[in-house]
Amino acid sequence: MISWLCGRGVGLSNITNADLAAALTGDPEALDIHLSLIERDVLIDGHAVKVHCHCLAVDANGRVQPHRLAEFMRNAVADYAIPRSQLAKAKERDQKYKSTEAVTALVEQAKRSFTDLAKTGEGGEMLLFLLAERFLKLPQILCKMDLKTDTRMHYHGADGVYAGVTPDGVLKLYWGESKIYKNVASAIQDCLSSLAPFLVEPIMKTPNANAISSYSATRPISAIPRLLKR
């Protein structure tokens, strides 16, 4: 699987790395149990690109356990597909009534948001989310799963939008793309082709991109704090 994040700086921001860290979900060390880091920060001459390579971890018997990765992803499904504000309200309600009913309902809602089509890339998109948040420490500010109106249809567009802040205070937005191909070169090529419209002005050209136009570089700084709590 190839996951690609392309970013662009969009101006000075009052958002700090601490703000972004507070918006991250899950235990980052849990990811290491299922994915082994092979290389990180590999530079490509002549390009502003860094490559990080992971592979499935092996157990004590030297076997890969993809089903364990699938179970780990299943347990994080609500973090990926449900807005943070909804989860926060559900947790408050459960704490008030000493129950798990509200959060459990959202977990089931998150599961139902995935398509049951035989051919789908939604698993790869969720793995992209886990790598972005738990490995790169980039919180998700937009998940297209929350925008779906039909579980039998795929929502076309960037597979996720993430945020970061440079040491000199520049807010950066990252558009993510995931491809599950047998051929690595084809996956990288198609990832970049899919991301190109989001990185070339005007950022949004397609009708379905209207849903994320408010998070684009035209007015990012005022929107991001709201999105981190969304």
# chains A, B, ... in the order shown; residues from 1 in each chain; ligands from 1
call {"tool": "select_by_dssp", "arguments": {"residues": "stretch 52-161 of chain A", "states": "strand (DSSP E)", "output": "mmCIF file with C-alpha atoms, in the first residue's frame"}}
result
data_model
loop_
_atom_site.group_PDB
_atom_site.id
_atom_site.type_symbol
_atom_site.label_atom_id
_atom_site.label_comp_id
_atom_site.auth_asym_id
_atom_site.auth_seq_id
_atom_site.Cartn_x
_atom_site.Cartn_y
_atom_site.Cartn_z
ATOM 1 C CA HIS A 52 8.978 6.515 5.120
ATOM 2 C CA CYS A 53 8.727 2.757 4.610
ATOM 3 C CA HIS A 54 6.804 0.347 6.838
ATOM 4 C CA CYS A 55 6.051 -3.355 6.596
ATOM 5 C CA LEU A 56 3.839 -5.760 8.487
ATOM 6 C CA GLN A 140 -6.855 14.867 10.760
ATOM 7 C CA ILE A 141 -9.034 17.931 10.169
ATOM 8 C CA LEU A 142 -11.293 16.420 7.529
ATOM 9 C CA GLY A 160 -7.939 12.937 4.146
ATOM 10 C CA VAL A 161 -6.785 16.427 5.099
#
call {"tool": "select_by_dssp", "arguments": {"residues": "stretch 15-157 of chain A", "states": "alpha helix (DSSP H)", "output": "MDAnalysis selection string"}}
result
chainID A and resid 17:23 28:34 66:75 77:81 84:97 101:112 122:130
call {"tool": "residues_around", "arguments": {"residues": "A:Tyr174", "least_positions_apart": "6", "cutoff": "7 Å", "atoms": "only C-alpha atoms", "output": "list in words"}}
result
Leu5, Cys6, Gly7, Arg8, Val161, Tyr162 and Ala163 of chain A
call {"tool": "residues_around", "arguments": {"residues": "A:Ala18", "least_positions_apart": "3", "cutoff": "12 Å", "atoms": "only C-alpha atoms", "output": "MDAnalysis selection string"}}
result
chainID A and resid 14:15 21:24 137:139 164:165 167
call {"tool": "write_last_selection", "arguments": {"atoms": "N, CA and C atoms", "output": "mmCIF file, in the first residue's frame"}}
result
data_model
loop_
_atom_site.group_PDB
_atom_site.id
_atom_site.type_symbol
_atom_site.label_atom_id
_atom_site.label_comp_id
_atom_site.auth_asym_id
_atom_site.auth_seq_id
_atom_site.Cartn_x
_atom_site.Cartn_y
_atom_site.Cartn_z
ATOM 1 N N ASN A 14 -1.533 31.206 14.761
ATOM 2 C CA ASN A 14 -1.420 31.195 16.210
ATOM 3 C C ASN A 14 -1.502 29.784 16.765
ATOM 4 N N ILE A 15 -1.759 28.822 15.912
ATOM 5 C CA ILE A 15 -1.835 27.427 16.324
ATOM 6 C C ILE A 15 -0.426 26.921 16.595
ATOM 7 N N ALA A 21 -0.947 18.551 18.860
ATOM 8 C CA ALA A 21 -0.726 17.317 19.619
ATOM 9 C C ALA A 21 -1.951 16.960 20.450
ATOM 10 N N ALA A 22 -2.635 17.983 20.969
ATOM 11 C CA ALA A 22 -3.824 17.740 21.785
ATOM 12 C C ALA A 22 -4.973 17.167 20.960
ATOM 13 N N ALA A 23 -4.914 17.368 19.653
ATOM 14 C CA ALA A 23 -5.984 16.876 18.782
ATOM 15 C C ALA A 23 -5.719 15.470 18.259
ATOM 16 N N LEU A 24 -4.526 14.934 18.500
ATOM 17 C CA LEU A 24 -4.201 13.593 18.018
ATOM 18 C C LEU A 24 -4.974 12.538 18.802
ATOM 19 N N LYS A 137 2.370 12.469 13.403
ATOM 20 C CA LYS A 137 1.834 13.421 14.380
ATOM 21 C C LYS A 137 1.105 14.583 13.690
ATOM 22 N N LEU A 138 0.355 14.259 12.646
ATOM 23 C CA LEU A 138 -0.440 15.253 11.931
ATOM 24 C C LEU A 138 -1.918 14.945 12.162
ATOM 25 N N PRO A 139 -2.629 15.761 12.923
ATOM 26 C CA PRO A 139 -4.040 15.469 13.198
ATOM 27 C C PRO A 139 -4.915 15.645 11.963
ATOM 28 N N GLY A 164 -0.374 20.655 10.103
ATOM 29 C CA GLY A 164 0.891 20.716 10.824
ATOM 30 C C GLY A 164 1.346 22.169 10.929
ATOM 31 N N VAL A 165 2.308 22.419 11.795
ATOM 32 C CA VAL A 165 2.867 23.759 11.973
ATOM 33 C C VAL A 165 4.383 23.656 11.914
ATOM 34 N N PRO A 167 8.370 25.042 12.499
ATOM 35 C CA PRO A 167 8.995 25.716 13.651
ATOM 36 C C PRO A 167 8.868 27.231 13.617
#
call {"tool": "closest_residue", "arguments": {"among": "A:His34, A:Arg112, A:Lys119, A:Lys50", "to": "A:His67", "atoms": "only C-alpha atoms"}}
result
A:His34
call {"tool": "residues_around", "arguments": {"residues": "A:Gly9", "least_positions_apart": "6", "cutoff": "8 Å", "atoms": "only C-alpha atoms", "output": "compact mmCIF listing (two decimals) with all heavy atoms, in the first residue's frame"}}
result
# COMPACT_ATOMS: atom_id res chain seq x y z
N VAL A 170 4.45 28.58 10.46
CA VAL A 170 3.65 28.50 9.24
C VAL A 170 2.73 27.29 9.32
O VAL A 170 3.17 26.17 9.56
CB VAL A 170 4.56 28.39 7.99
CG1 VAL A 170 3.71 28.18 6.74
CG2 VAL A 170 5.40 29.64 7.85
N LEU A 171 1.46 27.55 9.14
CA LEU A 171 0.47 26.47 9.14
C LEU A 171 0.56 25.73 7.82
O LEU A 171 0.58 26.34 6.75
CB LEU A 171 -0.93 27.05 9.31
CG LEU A 171 -2.10 26.07 9.19
CD1 LEU A 171 -2.07 25.07 10.34
CD2 LEU A 171 -3.42 26.82 9.17
N LYS A 172 0.60 24.40 7.88
CA LYS A 172 0.67 23.59 6.66
C LYS A 172 -0.51 22.65 6.62
O LYS A 172 -0.86 22.02 7.63
CB LYS A 172 1.98 22.81 6.59
CG LYS A 172 3.22 23.66 6.59
CD LYS A 172 4.43 22.91 6.06
CE LYS A 172 4.35 22.73 4.57
NZ LYS A 172 5.61 22.15 4.01
N LEU A 173 -1.15 22.56 5.47
CA LEU A 173 -2.21 21.59 5.24
C LEU A 173 -1.67 20.47 4.37
O LEU A 173 -0.93 20.72 3.42
CB LEU A 173 -3.42 22.25 4.56
CG LEU A 173 -4.11 23.37 5.32
CD1 LEU A 173 -5.33 23.85 4.55
CD2 LEU A 173 -4.52 22.91 6.71
call {"tool": "closest_atom_pairs", "arguments": {"of": "stretch 106-187 of chain A", "to": "stretch 68-73 of chain A", "cutoff": "9 Å", "atoms": "only C-alpha atoms", "output": "CSV"}}
result
residue,atom,partner,partner_atom,distance
A:Gly123,CA,A:Met73,CA,8.5
A:Met126,CA,A:Met73,CA,7.6
A:Leu127,CA,A:Met73,CA,7.4
A:Leu130,CA,A:Met73,CA,8.2
call {"tool": "write_last_selection", "arguments": {"atoms": "N, CA, C and O atoms", "output": "compact mmCIF listing (two decimals), in the first residue's frame"}}
result
# COMPACT_ATOMS: atom_id res chain seq x y z
N GLY A 123 -10.09 0.77 3.43
CA GLY A 123 -9.16 0.27 4.42
C GLY A 123 -7.82 0.98 4.32
O GLY A 123 -7.20 1.33 5.35
N MET A 126 -8.04 4.45 5.81
CA MET A 126 -7.97 4.47 7.27
C MET A 126 -6.54 4.23 7.75
O MET A 126 -6.10 4.83 8.74
N LEU A 127 -5.81 3.37 7.05
CA LEU A 127 -4.41 3.15 7.41
C LEU A 127 -3.60 4.42 7.20
O LEU A 127 -2.68 4.72 7.98
N LEU A 130 -4.09 6.46 10.28
CA LEU A 130 -3.32 5.99 11.43
C LEU A 130 -1.84 6.36 11.29
O LEU A 130 -1.20 6.75 12.27
call {"tool": "closest_atom_pairs", "arguments": {"of": "stretch 100-190 of chain A", "to": "stretch 86-91 of chain A", "cutoff": "8 Å", "atoms": "only C-alpha atoms", "output": "JSON lines"}}
result
{"residue": "A:Thr100", "atom": "CA", "partner": "A:Lys91", "partner_atom": "CA", "distance": 7.9}
{"residue": "A:Ala102", "atom": "CA", "partner": "A:Ala90", "partner_atom": "CA", "distance": 5.0}
{"residue": "A:Val103", "atom": "CA", "partner": "A:Ala90", "partner_atom": "CA", "distance": 5.3}
{"residue": "A:Leu106", "atom": "CA", "partner": "A:Leu87", "partner_atom": "CA", "distance": 7.4}
call {"tool": "write_last_selection", "arguments": {"atoms": "all heavy atoms", "output": "PDB file, in the first residue's frame"}}
result
ATOM      1  N   THR A 100     -21.970   3.111  28.672  1.00  0.00           N
ATOM      2  CA  THR A 100     -21.150   3.145  27.460  1.00  0.00           C
ATOM      3  C   THR A 100     -22.035   3.197  26.217  1.00  0.00           C
ATOM      4  O   THR A 100     -21.562   3.026  25.101  1.00  0.00           O
ATOM      5  CB  THR A 100     -20.241   1.903  27.373  1.00  0.00           C
ATOM      6  OG1 THR A 100     -21.064   0.716  27.355  1.00  0.00           O
ATOM      7  CG2 THR A 100     -19.279   1.838  28.548  1.00  0.00           C
ATOM      8  N   ALA A 102     -23.755   5.594  24.540  1.00  0.00           N
ATOM      9  CA  ALA A 102     -23.596   6.610  23.505  1.00  0.00           C
ATOM     10  C   ALA A 102     -22.353   6.361  22.649  1.00  0.00           C
ATOM     11  O   ALA A 102     -22.399   6.463  21.421  1.00  0.00           O
ATOM     12  CB  ALA A 102     -23.546   7.993  24.139  1.00  0.00           C
ATOM     13  N   VAL A 103     -21.227   6.041  23.293  1.00  0.00           N
ATOM     14  CA  VAL A 103     -20.001   5.773  22.538  1.00  0.00           C
ATOM     15  C   VAL A 103     -20.147   4.509  21.703  1.00  0.00           C
ATOM     16  O   VAL A 103     -19.712   4.470  20.538  1.00  0.00           O
ATOM     17  CB  VAL A 103     -18.794   5.666  23.496  1.00  0.00           C
ATOM     18  CG1 VAL A 103     -17.566   5.155  22.748  1.00  0.00           C
ATOM     19  CG2 VAL A 103     -18.498   7.016  24.132  1.00  0.00           C
ATOM     20  N   LEU A 106     -21.889   5.231  18.521  1.00  0.00           N
ATOM     21  CA  LEU A 106     -21.048   5.892  17.523  1.00  0.00           C
ATOM     22  C   LEU A 106     -20.075   4.914  16.884  1.00  0.00           C
ATOM     23  O   LEU A 106     -19.755   5.029  15.695  1.00  0.00           O
ATOM     24  CB  LEU A 106     -20.289   7.057  18.166  1.00  0.00           C
ATOM     25  CG  LEU A 106     -21.120   8.284  18.536  1.00  0.00           C
ATOM     26  CD1 LEU A 106     -20.226   9.378  19.109  1.00  0.00           C
ATOM     27  CD2 LEU A 106     -21.880   8.810  17.330  1.00  0.00           C
TER      28      LEU A 106
END
call {"tool": "closest_residue", "arguments": {"among": "A:Glu133, A:Asp41, A:Glu92, A:Asp150", "to": "A:Glu29", "atoms": "only C-alpha atoms"}}
result
A:Glu133
call {"tool": "atom_distance", "arguments": {"atom1": "atom CA of A:Ala132", "atom2": "atom CA of A:Asp79"}}
result
12.9 Å
call {"tool": "atom_distance", "arguments": {"atom1": "atom CA of A:Arg134", "atom2": "atom CA of A:Lys98"}}
result
29.7 Å
call {"tool": "atom_distance", "arguments": {"atom1": "atom CA of A:Gly62", "atom2": "atom CA of A:Glu39"}}
result
20.0 Å
call {"tool": "residues_around", "arguments": {"residues": "stretch 186-190 of chain A", "least_positions_apart": "5", "cutoff": "9 Å", "atoms": "only C-alpha atoms", "output": "PyMOL selection string"}}
result
chain A and resi 1-4+178-181+195
call {"tool": "write_last_selection", "arguments": {"atoms": "N, CA and C atoms", "output": "PDB file, in the first residue's frame"}}
result
ATOM      1  N   MET A   1       0.830  -1.182   0.000  1.00  0.00           N
ATOM      2  CA  MET A   1       0.000   0.000   0.000  1.00  0.00           C
ATOM      3  C   MET A   1       0.874   1.245   0.000  1.00  0.00           C
ATOM      4  N   ILE A   2       0.505   2.238  -0.812  1.00  0.00           N
ATOM      5  CA  ILE A   2       1.193   3.516  -0.851  1.00  0.00           C
ATOM      6  C   ILE A   2       0.282   4.577  -0.266  1.00  0.00           C
ATOM      7  N   SER A   3       0.788   5.311   0.732  1.00  0.00           N
ATOM      8  CA  SER A   3       0.081   6.465   1.275  1.00  0.00           C
ATOM      9  C   SER A   3       0.949   7.682   1.014  1.00  0.00           C
ATOM     10  N   TRP A   4       0.338   8.745   0.505  1.00  0.00           N
ATOM     11  CA  TRP A   4       1.105   9.922   0.117  1.00  0.00           C
ATOM     12  C   TRP A   4       0.471  11.154   0.735  1.00  0.00           C
ATOM     13  N   SER A 178      -4.296   7.422  -0.711  1.00  0.00           N
ATOM     14  CA  SER A 178      -3.900   6.036  -0.478  1.00  0.00           C
ATOM     15  C   SER A 178      -4.210   5.193  -1.719  1.00  0.00           C
ATOM     16  N   LYS A 179      -3.286   4.341  -2.089  1.00  0.00           N
ATOM     17  CA  LYS A 179      -3.486   3.407  -3.195  1.00  0.00           C
ATOM     18  C   LYS A 179      -3.006   2.023  -2.766  1.00  0.00           C
ATOM     19  N   ILE A 180      -3.817   1.016  -2.993  1.00  0.00           N
ATOM     20  CA  ILE A 180      -3.433  -0.363  -2.702  1.00  0.00           C
ATOM     21  C   ILE A 180      -3.233  -1.076  -4.033  1.00  0.00           C
ATOM     22  N   TYR A 181      -1.997  -1.094  -4.510  1.00  0.00           N
ATOM     23  CA  TYR A 181      -1.636  -1.673  -5.797  1.00  0.00           C
ATOM     24  C   TYR A 181      -0.553  -2.728  -5.596  1.00  0.00           C
ATOM     25  N   LEU A 195      -3.574  13.809  -6.323  1.00  0.00           N
ATOM     26  CA  LEU A 195      -3.346  14.948  -5.444  1.00  0.00           C
ATOM     27  C   LEU A 195      -3.079  16.245  -6.199  1.00  0.00           C
TER      28      LEU A 195
END
